[in-house]
file work13.cif (mmCIF, C-alpha atoms and all ligand atoms)
data_query
loop_
_atom_site.label_atom_id
_atom_site.label_comp_id
_atom_site.auth_asym_id
_atom_site.auth_seq_id
_atom_site.Cartn_x
_atom_site.Cartn_y
_atom_site.Cartn_z
CA MET A 15 97.91 100.24 110.29
CA PRO A 16 98.87 97.87 107.46
CA LYS A 17 102.03 95.86 108.13
CA SER A 18 105.06 95.50 105.87
CA CYS A 19 106.14 92.22 104.31
CA VAL A 20 108.63 90.98 101.73
CA THR A 21 108.48 87.81 99.63
CA ILE A 22 111.08 85.03 99.71
CA SER A 23 111.05 82.47 96.89
CA LEU A 24 112.59 79.04 97.45
CA VAL A 25 111.53 77.82 94.00
CA GLU A 26 114.42 77.81 91.54
CA ALA A 27 112.06 76.93 88.67
CA ALA A 28 110.29 80.25 89.27
CA ARG A 29 113.48 82.32 88.70
CA GLY A 30 112.60 85.43 86.79
CA GLY A 31 109.28 85.56 88.65
CA PRO A 32 107.98 88.37 90.86
CA PHE A 33 109.59 87.62 94.19
CA ILE A 34 112.08 89.92 95.90
CA LEU A 35 114.41 87.64 97.85
CA TRP A 36 115.88 84.48 96.36
CA ASP A 37 118.77 83.51 98.55
CA GLY A 38 117.19 81.13 101.06
CA LEU A 39 115.21 81.57 104.26
CA GLU A 40 118.10 82.62 106.47
CA LYS A 41 119.47 85.31 104.19
CA GLY A 42 115.92 86.42 103.41
CA CYS A 43 115.04 86.82 107.07
CA GLN A 44 118.29 88.70 107.70
CA THR A 45 117.54 91.18 104.92
CA ALA A 46 113.92 91.58 106.04
CA LYS A 47 115.04 92.29 109.60
CA GLN A 48 117.84 94.62 108.54
CA LEU A 49 115.42 96.77 106.55
CA GLY A 50 112.72 96.78 109.23
CA PHE A 51 110.00 94.63 107.64
CA ASP A 52 107.33 93.18 109.94
CA ALA A 53 107.00 89.89 108.09
CA VAL A 54 107.98 87.59 105.25
CA GLU A 55 105.82 85.68 102.76
CA VAL A 56 107.29 82.38 101.61
CA PHE A 57 106.85 80.76 98.21
CA SER A 58 108.06 77.15 98.38
CA LEU A 59 107.86 73.91 96.44
CA GLY A 60 105.70 72.51 99.21
CA PRO A 61 105.83 71.73 102.92
CA GLU A 62 108.69 69.24 102.56
CA GLN A 63 110.99 72.04 101.36
CA VAL A 64 110.54 74.06 104.55
CA ASP A 65 112.01 72.87 107.83
CA SER A 66 109.46 74.10 110.38
CA ALA A 67 111.90 74.11 113.27
CA GLU A 68 114.39 76.15 111.24
CA LEU A 69 111.69 78.57 110.11
CA GLU A 70 110.43 78.96 113.67
CA LYS A 71 113.93 79.81 114.89
CA LEU A 72 114.58 82.24 112.02
CA LEU A 73 111.30 84.07 112.61
CA LYS A 74 111.96 84.28 116.33
CA ASP A 75 115.62 85.34 116.02
CA HIS A 76 114.74 88.05 113.50
CA GLU A 77 111.48 89.13 115.19
CA LEU A 78 109.48 88.50 112.04
CA GLU A 79 105.99 87.17 111.42
CA LEU A 80 105.10 84.74 108.65
CA ALA A 81 102.46 86.68 106.72
CA ALA A 82 101.37 84.05 104.19
CA VAL A 83 102.54 81.04 102.20
CA GLY A 84 102.10 80.55 98.45
CA THR A 85 100.70 77.46 96.73
CA GLY A 86 101.75 78.31 93.16
CA ALA A 87 104.30 75.49 92.98
CA GLY A 88 101.33 73.09 92.88
CA MET A 89 100.67 74.45 89.39
CA VAL A 90 104.22 75.37 88.31
CA GLN A 91 105.81 72.10 89.47
CA HIS A 92 102.98 69.57 89.52
CA GLY A 93 100.38 70.99 87.10
CA LEU A 94 97.66 70.80 89.78
CA SER A 95 94.47 72.86 89.52
CA LEU A 96 91.31 73.09 91.62
CA THR A 97 89.26 73.37 88.42
CA SER A 98 90.72 70.40 86.59
CA THR A 99 88.06 68.33 84.82
CA CYS A 100 89.59 65.23 86.43
CA SER A 101 88.19 64.65 89.94
CA GLU A 102 91.34 62.81 91.07
CA GLN A 103 93.48 65.76 90.02
CA ARG A 104 91.20 68.15 91.89
CA ALA A 105 91.46 65.99 95.00
CA GLU A 106 95.25 65.96 94.65
CA ALA A 107 95.26 69.75 94.28
CA LYS A 108 93.20 70.11 97.47
CA GLU A 109 95.49 67.76 99.38
CA PHE A 110 98.55 69.72 98.22
CA ILE A 111 96.96 72.97 99.43
CA LYS A 112 95.91 71.42 102.75
CA ARG A 113 99.53 70.47 103.42
CA ILE A 114 100.56 74.06 102.73
CA ILE A 115 97.77 75.32 105.02
CA ASP A 116 99.24 73.01 107.71
CA MET A 117 102.73 74.40 107.10
CA GLY A 118 101.71 78.09 107.38
CA GLY A 119 98.98 77.48 109.95
CA ARG A 120 101.29 76.71 112.83
CA PHE A 121 102.82 80.17 112.31
CA GLY A 122 99.45 81.88 111.96
CA ALA A 123 99.95 82.37 108.21
CA GLY A 124 97.24 81.76 105.63
CA ALA A 125 97.80 79.95 102.33
CA ILE A 126 97.32 81.87 99.08
CA LEU A 127 95.43 80.41 96.12
CA GLY A 128 96.71 82.00 92.90
CA SER A 129 97.59 80.01 89.80
CA MET A 130 96.19 76.75 91.24
CA GLN A 131 92.68 78.13 90.67
CA GLY A 132 93.15 77.26 86.98
CA ARG A 133 90.85 78.52 84.22
CA TRP A 134 87.72 77.58 82.29
CA GLY A 135 87.73 76.50 78.63
CA ASP A 136 87.63 73.42 76.37
CA ASP A 137 85.49 70.88 78.26
CA LEU A 138 84.63 73.16 81.18
CA ASN A 139 82.34 76.20 81.00
CA LYS A 140 82.73 79.23 83.25
CA GLN A 141 79.78 78.51 85.54
CA ASP A 142 80.93 74.94 86.18
CA ALA A 143 84.50 76.09 86.78
CA LEU A 144 83.35 78.72 89.29
CA ALA A 145 81.19 76.10 91.02
CA LEU A 146 84.21 73.79 91.37
CA LEU A 147 86.31 76.68 92.64
CA ALA A 148 83.64 77.73 95.15
CA GLU A 149 83.33 74.21 96.49
CA ALA A 150 87.12 73.96 96.90
CA CYS A 151 87.48 77.40 98.51
CA ALA A 152 84.69 76.64 101.00
CA GLU A 153 86.37 73.36 101.97
CA LEU A 154 89.85 74.89 102.22
CA GLY A 155 88.53 77.85 104.24
CA GLU A 156 86.92 75.41 106.66
CA TYR A 157 90.14 73.42 106.84
CA ALA A 158 92.14 76.57 107.66
CA ARG A 159 89.87 77.46 110.60
CA GLN A 160 91.70 74.99 112.86
CA TYR A 161 94.70 77.35 112.71
CA ASN A 162 92.62 80.49 113.05
CA THR A 163 93.94 81.59 109.66
CA PRO A 164 91.95 82.50 106.55
CA PHE A 165 92.26 80.87 103.16
CA ILE A 166 93.42 83.60 100.79
CA TYR A 167 91.90 83.83 97.30
CA GLU A 168 93.87 85.87 94.76
CA HIS A 169 92.21 86.86 91.52
CA LEU A 170 94.69 87.37 88.71
CA ASN A 171 94.83 89.38 85.51
CA ARG A 172 93.30 88.03 82.30
CA TYR A 173 96.58 86.56 81.03
CA GLU A 174 96.81 84.29 84.10
CA THR A 175 93.19 83.25 84.72
CA ASN A 176 89.75 83.80 83.21
CA LEU A 177 87.80 83.05 86.42
CA CYS A 178 87.88 86.30 88.43
CA ASN A 179 89.92 89.31 87.28
CA THR A 180 88.72 92.16 89.50
CA VAL A 181 88.00 92.73 93.17
CA ALA A 182 84.29 93.15 92.41
CA GLU A 183 84.26 89.76 90.64
CA SER A 184 85.98 88.16 93.63
CA VAL A 185 83.46 89.73 96.01
CA GLN A 186 80.64 88.32 93.89
CA PHE A 187 82.37 84.95 93.71
CA LEU A 188 82.77 84.77 97.50
CA SER A 189 79.08 85.54 97.98
CA ARG A 190 78.48 81.99 96.65
CA LEU A 191 80.09 80.71 99.85
CA GLY A 192 77.44 82.23 102.14
CA ASP A 193 78.01 84.57 105.07
CA ASP A 194 80.13 82.34 107.24
CA HIS A 195 83.06 81.37 105.02
CA ASN A 196 86.70 81.73 105.99
CA VAL A 197 88.10 83.06 102.72
CA VAL A 198 89.59 86.51 102.18
CA ILE A 199 90.60 88.32 99.01
CA LEU A 200 94.17 89.05 98.03
CA ALA A 201 94.34 92.31 96.10
CA ASP A 202 97.50 92.27 93.98
CA LEU A 203 98.06 95.82 92.76
CA PHE A 204 99.83 94.61 89.60
CA HIS A 205 96.79 92.61 88.48
CA MET A 206 94.52 95.47 89.52
CA ASN A 207 96.50 97.90 87.36
CA ILE A 208 95.63 95.76 84.34
CA GLU A 209 92.00 95.03 85.19
CA GLU A 210 90.41 97.75 87.33
CA VAL A 211 88.88 100.95 85.98
CA CYS A 212 90.34 102.68 89.05
CA ILE A 213 92.64 100.89 91.51
CA ALA A 214 91.50 102.93 94.54
CA GLU A 215 87.87 102.18 93.67
CA GLY A 216 88.74 98.49 93.34
CA ILE A 217 90.22 98.55 96.84
CA ARG A 218 87.03 100.13 98.15
CA ASP A 219 85.00 97.39 96.40
CA GLY A 220 86.76 94.89 98.64
CA GLN A 221 86.11 96.59 101.98
CA GLY A 222 85.78 93.98 104.72
CA LEU A 223 86.92 91.15 102.44
CA ILE A 224 90.45 92.13 101.40
CA GLY A 225 92.76 90.28 103.79
CA HIS A 226 96.12 90.56 102.06
CA ILE A 227 97.70 92.89 99.49
CA HIS A 228 100.53 92.31 97.04
CA PHE A 229 102.28 95.66 97.17
CA VAL A 230 103.96 96.32 93.84
CA ASP A 231 104.04 98.85 91.04
CA SER A 232 102.38 98.85 87.60
CA ASN A 233 105.34 97.14 85.90
CA ARG A 234 105.89 94.49 88.65
CA ARG A 235 108.84 96.48 89.90
CA PRO A 236 108.96 97.49 93.57
CA ALA A 237 106.46 100.15 94.68
CA GLY A 238 107.63 103.56 93.49
CA LEU A 239 109.37 102.33 90.33
CA GLY A 240 106.34 102.38 88.03
CA HIS A 241 103.41 104.68 87.35
CA MET A 242 100.96 103.73 90.14
CA ASP A 243 99.28 106.62 91.94
CA PHE A 244 100.20 105.46 95.42
CA ASP A 245 98.71 108.54 97.11
CA ALA A 246 95.24 107.51 95.95
CA ILE A 247 95.86 103.80 96.54
CA ALA A 248 97.19 104.33 100.08
CA ALA A 249 94.23 106.60 100.88
CA ALA A 250 91.81 103.84 99.80
CA ILE A 251 93.71 101.17 101.76
CA LYS A 252 93.49 103.34 104.88
CA GLU A 253 89.85 104.23 104.20
CA ILE A 254 88.76 100.58 104.21
CA GLY A 255 90.60 100.04 107.51
CA PHE A 256 92.94 97.41 106.08
CA GLU A 257 95.28 96.11 108.77
CA GLY A 258 96.77 93.11 107.01
CA TYR A 259 100.08 92.80 105.20
CA LEU A 260 101.33 94.84 102.29
CA SER A 261 103.53 92.15 100.87
CA ALA A 262 106.10 93.05 98.23
CA GLU A 263 105.61 90.64 95.34
CA ALA A 264 107.83 92.32 92.79
CA PHE A 265 110.79 91.64 90.55
CA PRO A 266 114.13 91.89 92.33
CA TYR A 267 114.84 95.08 90.38
CA PRO A 268 117.51 96.40 90.15
CA ASN A 269 118.69 93.69 92.56
CA GLU A 270 117.27 91.88 95.58
CA PHE A 271 118.52 94.23 98.27
CA GLU A 272 117.67 97.45 96.43
CA ALA A 273 114.22 96.08 95.60
CA ALA A 274 113.53 95.32 99.25
CA LYS A 275 114.89 98.73 100.29
CA GLN A 276 112.78 100.52 97.68
CA THR A 277 109.71 98.68 98.97
CA ILE A 278 110.23 99.58 102.62
CA GLU A 279 110.90 103.20 101.68
CA SER A 280 107.60 103.33 99.79
CA TYR A 281 105.83 101.59 102.66
CA ASN A 282 107.24 104.16 105.11
CA LYS A 283 106.35 107.04 102.79
CA TYR A 284 102.71 106.05 102.30
CA PHE A 285 101.77 104.10 105.43
CA ARG A 286 103.90 105.15 108.39
C1 LIG A 301 101.16 85.82 90.00
O1 LIG A 301 101.01 86.81 89.06
C2 LIG A 301 100.77 86.28 91.33
O2 LIG A 301 100.35 87.37 91.51
C3 LIG A 301 100.87 85.32 92.41
O3 LIG A 301 100.74 85.97 93.65
C4 LIG A 301 99.80 84.28 92.27
O4 LIG A 301 100.23 83.03 92.12
MN MN A 302 100.22 88.23 93.51
#

call {"tool": "encode", "arguments": {"input": "work13.cif", "output": "C-alpha cells"}}
result
Amino acid sequence: MPKSCVTISLVEAARGGPFILWDGLEKGCQTAKQLGFDAVEVFSLGPEQVDSAELEKLLKDHELELAAVGTGAGMVQHGLSLTSTCSEQRAEAKEFIKRIIDMGGRFGAGAILGSMQGRWGDDLNKQDALALLAEACAELGEYARQYNTPFIYEHLNRYETNLCNTVAESVQFLSRLGDDHNVVILADLFHMNIEEVCIAEGIRDGQGLIGHIHFVDSNRRPAGLGHMDFDAIAAAIKEIGFEGYLSAEAFPYPNEFEAAKQTIESYNKYFR
C-alpha cells in the first residue's frame, strides 16, 4: 500500500511555494503525527540547515519516517544546475546534491532532483543537455547506493523545464543509464495534469520506475480541492503496485493545518 507523507519547507525564500508545512521541523512533525501521516519530506537550504541529531529525535518521538529530501534550494538559492554549460558549476551542483544525499541517506531517504536539472537553450542543445543530465544522474544514483536509497528524478511541466515533461519521456531518458542504475522517477500529479494526455495512463507508463509521487490536485491545492479524477489515478497507482510515498506537495490552502488535514482525508479515502 502507498504510504502517506507531508512536505515541510524550511526555506523562507520559497514562501508562496507548494509546500504544506512552514513552521519548522518540530511543529511540522507534530502536525504530521497528529494527523496520522507515515512520513515527512523536507525541503531545506542544504544539509547545514538541518541538525541531524534533532531530526533523528523528532522522527523517533513522532514515529515518522523521512520519505525524501529536496534539492531545489541549490537552484533557488545558489543558481546551481546539473546542465550548466560551465563544468565548474556542474561540479558544484553535483557536490551540493551529494551533501543532500548524505543528509537524507542516514535516514533512508532519497534526494529529489527537480529544478536543479536546469534546461536546454542558448549555447546548449537538447541532446547535449540530456547527455549531461544522464551522466549526472548515473553518478548521483551510484553515490546514493551507499545508503541503500535511490536518487529521485522529477520531470517538471514545460514552464519549469524543457528536458523531460512526461513520465514516458523520463522512462526513455532513464533507459540511457542502462539496466543497473539507481534512479527512480518522481511523478508529480500537478505536472502530469499539465503534460499528460491521461494521468492514469501516465502512471501506468512508469510501472516499475516510479519511486515517489507528489500527491496534489490540478491547481496545486491539496488533493480533493481541484478537478483531478482521483478514482482513476488511485486505481492506476494501485495497478502498478506502487508502495512508495504519496507526498503532499501542495499550497498550504486554505491554511497549513487544513491543507494537511485535507490531504490525509483524501489519502484515506482513496488508498486506505
Ligand atoms: C516544483 O514544481 C516541484 O514540483 C518540485 O517538487 C521540484 O523542485
Ligand atoms: Mn513536485

call {"tool": "residues_near_ligand", "arguments": {"input": "work13.cif", "ligand": "ligand MN 302 (chain A)", "cutoff": "12 Å", "atoms": "only C-alpha atoms and all ligand atoms", "output": "ChimeraX atom specification"}}
result
/A:21,31-33,55,57,82-86,126-129,166-171,174,199-206,226-231,234,260-265

call {"tool": "write_last_selection", "arguments": {"input": "work13.cif", "atoms": "C-alpha atoms", "output": "PDB file, in the coordinates of the input"}}
result
ATOM      1  CA  THR A  21     108.480  87.810  99.630  1.00  0.00           C
ATOM      2  CA  GLY A  31     109.280  85.560  88.650  1.00  0.00           C
ATOM      3  CA  PRO A  32     107.980  88.370  90.860  1.00  0.00           C
ATOM      4  CA  PHE A  33     109.590  87.620  94.190  1.00  0.00           C
ATOM      5  CA  GLU A  55     105.820  85.680 102.760  1.00  0.00           C
ATOM      6  CA  PHE A  57     106.850  80.760  98.210  1.00  0.00           C
ATOM      7  CA  ALA A  82     101.370  84.050 104.190  1.00  0.00           C
ATOM      8  CA  VAL A  83     102.540  81.040 102.200  1.00  0.00           C
ATOM      9  CA  GLY A  84     102.100  80.550  98.450  1.00  0.00           C
ATOM     10  CA  THR A  85     100.700  77.460  96.730  1.00  0.00           C
ATOM     11  CA  GLY A  86     101.750  78.310  93.160  1.00  0.00           C
ATOM     12  CA  ILE A 126      97.320  81.870  99.080  1.00  0.00           C
ATOM     13  CA  LEU A 127      95.430  80.410  96.120  1.00  0.00           C
ATOM     14  CA  GLY A 128      96.710  82.000  92.900  1.00  0.00           C
ATOM     15  CA  SER A 129      97.590  80.010  89.800  1.00  0.00           C
ATOM     16  CA  ILE A 166      93.420  83.600 100.790  1.00  0.00           C
ATOM     17  CA  TYR A 167      91.900  83.830  97.300  1.00  0.00           C
ATOM     18  CA  GLU A 168      93.870  85.870  94.760  1.00  0.00           C
ATOM     19  CA  HIS A 169      92.210  86.860  91.520  1.00  0.00           C
ATOM     20  CA  LEU A 170      94.690  87.370  88.710  1.00  0.00           C
ATOM     21  CA  ASN A 171      94.830  89.380  85.510  1.00  0.00           C
ATOM     22  CA  GLU A 174      96.810  84.290  84.100  1.00  0.00           C
ATOM     23  CA  ILE A 199      90.600  88.320  99.010  1.00  0.00           C
ATOM     24  CA  LEU A 200      94.170  89.050  98.030  1.00  0.00           C
ATOM     25  CA  ALA A 201      94.340  92.310  96.100  1.00  0.00           C
ATOM     26  CA  ASP A 202      97.500  92.270  93.980  1.00  0.00           C
ATOM     27  CA  LEU A 203      98.060  95.820  92.760  1.00  0.00           C
ATOM     28  CA  PHE A 204      99.830  94.610  89.600  1.00  0.00           C
ATOM     29  CA  HIS A 205      96.790  92.610  88.480  1.00  0.00           C
ATOM     30  CA  MET A 206      94.520  95.470  89.520  1.00  0.00           C
ATOM     31  CA  HIS A 226      96.120  90.560 102.060  1.00  0.00           C
ATOM     32  CA  ILE A 227      97.700  92.890  99.490  1.00  0.00           C
ATOM     33  CA  HIS A 228     100.530  92.310  97.040  1.00  0.00           C
ATOM     34  CA  PHE A 229     102.280  95.660  97.170  1.00  0.00           C
ATOM     35  CA  VAL A 230     103.960  96.320  93.840  1.00  0.00           C
ATOM     36  CA  ASP A 231     104.040  98.850  91.040  1.00  0.00           C
ATOM     37  CA  ARG A 234     105.890  94.490  88.650  1.00  0.00           C
ATOM     38  CA  LEU A 260     101.330  94.840 102.290  1.00  0.00           C
ATOM     39  CA  SER A 261     103.530  92.150 100.870  1.00  0.00           C
ATOM     40  CA  ALA A 262     106.100  93.050  98.230  1.00  0.00           C
ATOM     41  CA  GLU A 263     105.610  90.640  95.340  1.00  0.00           C
ATOM     42  CA  ALA A 264     107.830  92.320  92.790  1.00  0.00           C
ATOM     43  CA  PHE A 265     110.790  91.640  90.550  1.00  0.00           C
TER      44      PHE A 265
END

call {"tool": "closest_residue", "arguments": {"input": "work13.cif", "among": "A:Leu147, A:Val25, A:Leu49, A:Cys178", "to": "Ala107 (chain A)", "atoms": "only C-alpha atoms"}}
result
A:Leu147

call {"tool": "atom_distance", "arguments": {"input": "work13.cif", "atom1": "CA of Leu94 (chain A)", "atom2": "CA of Gly132 (chain A)"}}
result
8.4 Å

call {"tool": "closest_residue", "arguments": {"input": "work13.cif", "among": "A:Glu149, A:Glu279, A:Asp116, A:Glu106", "to": "Thr163 (chain A)", "atoms": "only C-alpha atoms"}}
result
A:Asp116

call {"tool": "closest_residue", "arguments": {"input": "work13.cif", "among": "A:Ser58, A:Gln160, A:Gln44, A:Ser189", "to": "ligand LIG 301 (chain A)", "atoms": "only C-alpha atoms and all ligand atoms"}}
result
A:Ser58

call {"tool": "closest_residue", "arguments": {"input": "work13.cif", "among": "A:Val54, A:Leu69, A:Val90, A:Met15", "to": "ligand LIG 301 (chain A)", "atoms": "only C-alpha atoms and all ligand atoms"}}
result
A:Val90

call {"tool": "axis_aligned_box", "arguments": {"input": "work13.cif", "around": "region 154-166 of chain A", "padding_each_side": "8 Å", "output": "AutoDock Vina command-line options"}}
result
--center_x 90.8 --center_y 78.5 --center_z 106.9 --size_x 23.8 --size_y 26.2 --size_z 28.3

call {"tool": "closest_residue", "arguments": {"input": "work13.cif", "among": "A:Arg159, A:Gly30, A:Pro236, A:Ser98", "to": "Asp136 (chain A)", "atoms": "all atoms listed in the file"}}
result
A:Ser98

call {"tool": "atom_distance", "arguments": {"input": "work13.cif", "atom1": "CA of Ala67 (chain A)", "atom2": "CA of Ala123 (chain A)"}}
result
15.4 Å

call {"tool": "closest_residue", "arguments": {"input": "work13.cif", "among": "A:Lys252, A:His195, A:Arg172, A:Lys108", "to": "ligand LIG 301 (chain A)", "atoms": "all atoms listed in the file"}}
result
A:Arg172

call {"tool": "atom_distance", "arguments": {"input": "work13.cif", "atom1": "CA of Ala246 (chain A)", "atom2": "CA of Leu35 (chain A)"}}
result
27.7 Å
